[in-house]
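Asker: This is the structure, below, for whatever I ask next.
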Amino acid sequence: MLKTPRTPRLLPTAPIADPRQRLKAIGLMALATICFALLDATAKYLVTVKAVPVLQVTWLRFMGHVVFSAVALWPFAFRPSLRSAKPLMQVLRSGIMIVTTGFNFVALKYLQLDQTVTIFFLAPLLVALLAGPLLHEWVGWHRMVAIVAGFLGVLIVMHPGFGTLHWAMLLALIATLGYALYNLSTRYLAAFDPPEVTQTYTPLAGAVVLMPFALAAWQAPQDAGVWLLLATLGFWGGLGHWLLILAHRVAPAPVLAPYIYLGLIWMSLAGFLVFGDVPTVWTLTGAAVVILSGLYLFARERKTLGPKAIGPASDIAT
């Protein structure tokens, strides 16, 4: 069980009263959600249309993230480091991210983009629920109502008993649970390690651990276009994560958290343009319930923690 962190090392944050900084941070957050939508759309296209193995796609997502960080981030933004005060927790956190990404990519093979992202929107609510037993950050009854409502929203999307419950929805739900645990471990490690250490472990562990499995399942790409799409996986993932970091450097998490729901717009748009998918009434209704529950939860967090509260907001990154 995780213990309550001591004084966390959080990123410096600009005052919330500065409207220019707030708009800048919101813009960065919006760009991050676009990156994650492009990541998922590319992964879905590769595994469904081009029949690239999921293990290969997942590994190249992490490998590309390592290359992106080495080329674009590390020389200018920070120095990579594996010197962690909690190396086993860093490895566990990275392992959770590997499983989460893999399950999400498998779910994307069978579900629409708007369905998977709506289920993923449950992550902030799961973080609030699990923060009690894992970090001793217990929620009150207001937040518990929001959490229960969010679960009901996901049930509407899955609509068991009113049609065929696709088994891939359960994978998306497991991936969401994994991502909530990933967020909690990130919050825990913030008390012990600087951001560059955690940022180094995240893609590197996935690239190393998945390498033998990905190579065993490897299929040679059909053409240069497939190679290009595979190469973009790490770019979209790495850029999206970095934009999140930049956004949290200039604005508090309660300001940014509601804008993760822009991801539904980008995912729905990508699903329609690339795959011809139209959101169903079930998905739109469930998404509305989940989003309203999340917004209520964020409002309670902001009221409780105050306008200058800082810390990582849950996102929809994979």
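In the structure tokens, chains take the letters A, B, ... in the order shown, each chain's residues start at 1, and ligands count up from 1 in the order shown.
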Using DSSP on the backbone, list every residue of stretch 43-149 of chain A that comes out as helix (DSSP H, G or I), and give them as a ChimeraX atom specification.
Answerer: /A:43-48,54-73,87-110,113-120,123-135,141-149
Asker: So which residues touch A:Lys109 within 12 Å, counting only C-alpha atoms, skipping near sequence neighbours fewer than 4 positions away, as a PyMOL selection string?
Answerer: chain A and resi 40-54+57+102-105+113+115-116+166-169+171-172+275
Asker: Would you output that residue set with N, CA, C and O atoms, as a compact mmCIF listing (two decimals), in the first residue's frame?
Answerer:
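Wrote out35.txt, looks like this:
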```
# COMPACT_ATOMS: atom_id res chain seq x y z
N ASP A 40 -3.99 7.71 -30.60
CA ASP A 40 -4.94 6.60 -30.58
C ASP A 40 -5.49 6.31 -31.98
O ASP A 40 -5.69 5.15 -32.35
N ALA A 41 -5.76 7.36 -32.76
CA ALA A 41 -6.27 7.15 -34.11
C ALA A 41 -5.24 6.43 -34.98
O ALA A 41 -5.58 5.53 -35.76
N THR A 42 -3.98 6.82 -34.83
CA THR A 42 -2.90 6.17 -35.59
C THR A 42 -2.76 4.71 -35.18
O THR A 42 -2.62 3.82 -36.03
N ALA A 43 -2.78 4.46 -33.87
CA ALA A 43 -2.67 3.08 -33.38
C ALA A 43 -3.83 2.22 -33.88
O ALA A 43 -3.63 1.08 -34.32
N LYS A 44 -5.05 2.76 -33.83
CA LYS A 44 -6.22 2.01 -34.30
C LYS A 44 -6.10 1.72 -35.80
O LYS A 44 -6.41 0.60 -36.25
N TYR A 45 -5.65 2.69 -36.56
CA TYR A 45 -5.50 2.49 -38.01
C TYR A 45 -4.47 1.40 -38.31
O TYR A 45 -4.68 0.55 -39.18
N LEU A 46 -3.38 1.42 -37.57
CA LEU A 46 -2.32 0.44 -37.81
C LEU A 46 -2.76 -0.99 -37.47
O LEU A 46 -2.47 -1.93 -38.21
N VAL A 47 -3.47 -1.15 -36.35
CA VAL A 47 -3.84 -2.52 -35.93
C VAL A 47 -5.08 -3.02 -36.65
O VAL A 47 -5.26 -4.25 -36.78
N THR A 48 -5.96 -2.13 -37.13
CA THR A 48 -7.18 -2.59 -37.80
C THR A 48 -7.05 -2.61 -39.31
O THR A 48 -7.40 -3.61 -39.95
N VAL A 49 -6.56 -1.54 -39.89
CA VAL A 49 -6.49 -1.44 -41.35
C VAL A 49 -5.22 -2.10 -41.89
O VAL A 49 -5.27 -2.85 -42.89
N LYS A 50 -4.09 -1.86 -41.24
CA LYS A 50 -2.81 -2.38 -41.73
C LYS A 50 -2.40 -3.70 -41.06
O LYS A 50 -1.36 -4.27 -41.41
N ALA A 51 -3.21 -4.18 -40.09
CA ALA A 51 -2.99 -5.47 -39.43
C ALA A 51 -1.60 -5.59 -38.81
O ALA A 51 -0.98 -6.66 -38.83
N VAL A 52 -1.09 -4.50 -38.24
CA VAL A 52 0.18 -4.54 -37.53
C VAL A 52 -0.08 -5.11 -36.13
O VAL A 52 -1.05 -4.71 -35.47
N PRO A 53 0.73 -6.06 -35.65
CA PRO A 53 0.50 -6.64 -34.32
C PRO A 53 0.47 -5.57 -33.22
O PRO A 53 1.24 -4.61 -33.26
N VAL A 54 -0.40 -5.77 -32.25
CA VAL A 54 -0.54 -4.80 -31.16
C VAL A 54 0.76 -4.66 -30.39
O VAL A 54 1.14 -3.54 -30.00
N VAL A 57 3.05 -2.35 -32.28
CA VAL A 57 2.60 -0.97 -32.20
C VAL A 57 2.90 -0.39 -30.82
O VAL A 57 3.38 0.75 -30.69
N GLY A 102 -1.07 -1.22 -23.70
CA GLY A 102 -1.36 -2.42 -24.48
C GLY A 102 -2.85 -2.76 -24.50
O GLY A 102 -3.43 -3.03 -25.56
N PHE A 103 -3.49 -2.71 -23.32
CA PHE A 103 -4.91 -3.00 -23.26
C PHE A 103 -5.72 -1.97 -24.04
O PHE A 103 -6.72 -2.31 -24.69
N ASN A 104 -5.31 -0.72 -23.96
CA ASN A 104 -6.02 0.33 -24.69
C ASN A 104 -5.92 0.11 -26.19
O ASN A 104 -6.92 0.26 -26.91
N PHE A 105 -4.73 -0.26 -26.67
CA PHE A 105 -4.56 -0.48 -28.11
C PHE A 105 -5.36 -1.69 -28.58
O PHE A 105 -5.88 -1.70 -29.70
N LEU A 113 -13.29 5.12 -31.37
CA LEU A 113 -12.44 6.01 -30.58
C LEU A 113 -13.23 6.74 -29.51
O LEU A 113 -12.75 6.92 -28.38
N GLN A 115 -15.82 5.71 -27.94
CA GLN A 115 -16.18 4.79 -26.86
C GLN A 115 -15.03 4.61 -25.88
O GLN A 115 -15.22 4.67 -24.66
N THR A 116 -13.83 4.39 -26.41
CA THR A 116 -12.69 4.14 -25.52
C THR A 116 -12.34 5.40 -24.71
O THR A 116 -12.03 5.30 -23.53
N HIS A 166 -19.63 -5.71 -25.80
CA HIS A 166 -18.40 -6.15 -26.43
C HIS A 166 -17.33 -6.35 -25.37
O HIS A 166 -17.12 -5.50 -24.51
N TRP A 167 -16.65 -7.50 -25.44
CA TRP A 167 -15.63 -7.82 -24.44
C TRP A 167 -14.51 -6.80 -24.43
O TRP A 167 -13.85 -6.60 -23.40
N ALA A 168 -14.26 -6.10 -25.53
CA ALA A 168 -13.19 -5.11 -25.57
C ALA A 168 -13.48 -3.93 -24.65
O ALA A 168 -12.55 -3.24 -24.22
N MET A 169 -14.76 -3.70 -24.33
CA MET A 169 -15.09 -2.63 -23.38
C MET A 169 -14.52 -2.94 -22.00
O MET A 169 -14.13 -2.03 -21.26
N LEU A 171 -11.76 -4.56 -21.52
CA LEU A 171 -10.33 -4.23 -21.62
C LEU A 171 -10.10 -2.73 -21.45
O LEU A 171 -9.15 -2.31 -20.79
N ALA A 172 -10.98 -1.93 -22.06
CA ALA A 172 -10.86 -0.48 -21.91
C ALA A 172 -11.06 -0.08 -20.46
O ALA A 172 -10.40 0.84 -19.96
N PHE A 275 -12.40 6.55 -39.91
CA PHE A 275 -13.07 5.25 -39.89
C PHE A 275 -14.57 5.32 -40.20
O PHE A 275 -15.22 4.29 -40.27
```
Asker: Pick out the closest residue to A:Thr198 from this set: A:Pro87, A:Pro19, A:Gly64, A:Gly240. Count only C-alpha atoms.
Answerer: A:Pro87
Asker: Looking at A:Thr280, A:Thr101, A:Ser81, A:Gln21, which one is nearest to A:Pro194, with distances taken over only C-alpha atoms?
Answerer: A:Ser81
Asker: Just the residues within 10 Å of A:Leu130, please, counting only C-alpha atoms, with nothing from its chain fewer than 4 positions along; format it as a list in words.
Answerer: Pro124, Leu125, Leu126, Leu134, Leu135, His136, Glu137, Trp138, Val139, Leu177, Ala180, Leu181 and Leu184 of chain A
Asker: Between atom CA of A:Trp59 and atom CA of A:Ala207, measure the distance and give it in Å to one decimal.
Answerer: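 Result for atom CA of A:Trp59 versus atom CA of A:Ala207: 5.8 Å, one decimal.
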Asker: Which of these residues is nearest to A:Thr202, using only C-alpha atoms: A:Met29, A:Ala190, A:Leu82, A:Ile147?
Answerer: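 Selected residue with least distance to A:Thr202: A:Leu82.
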Asker: Taking only C-alpha atoms into account, which of A:Ile34, A:Leu228, A:Ala85, A:Val208 comes nearest A:Met267?
Answerer: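 Closest candidate: A:Ile34.
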Asker: Considering only C-alpha atoms, state which residue in the set A:Gln219, A:Arg83, A:Tyr110, A:Ser293 is at the smallest distance from A:Leu165.
Answerer: A:Tyr110
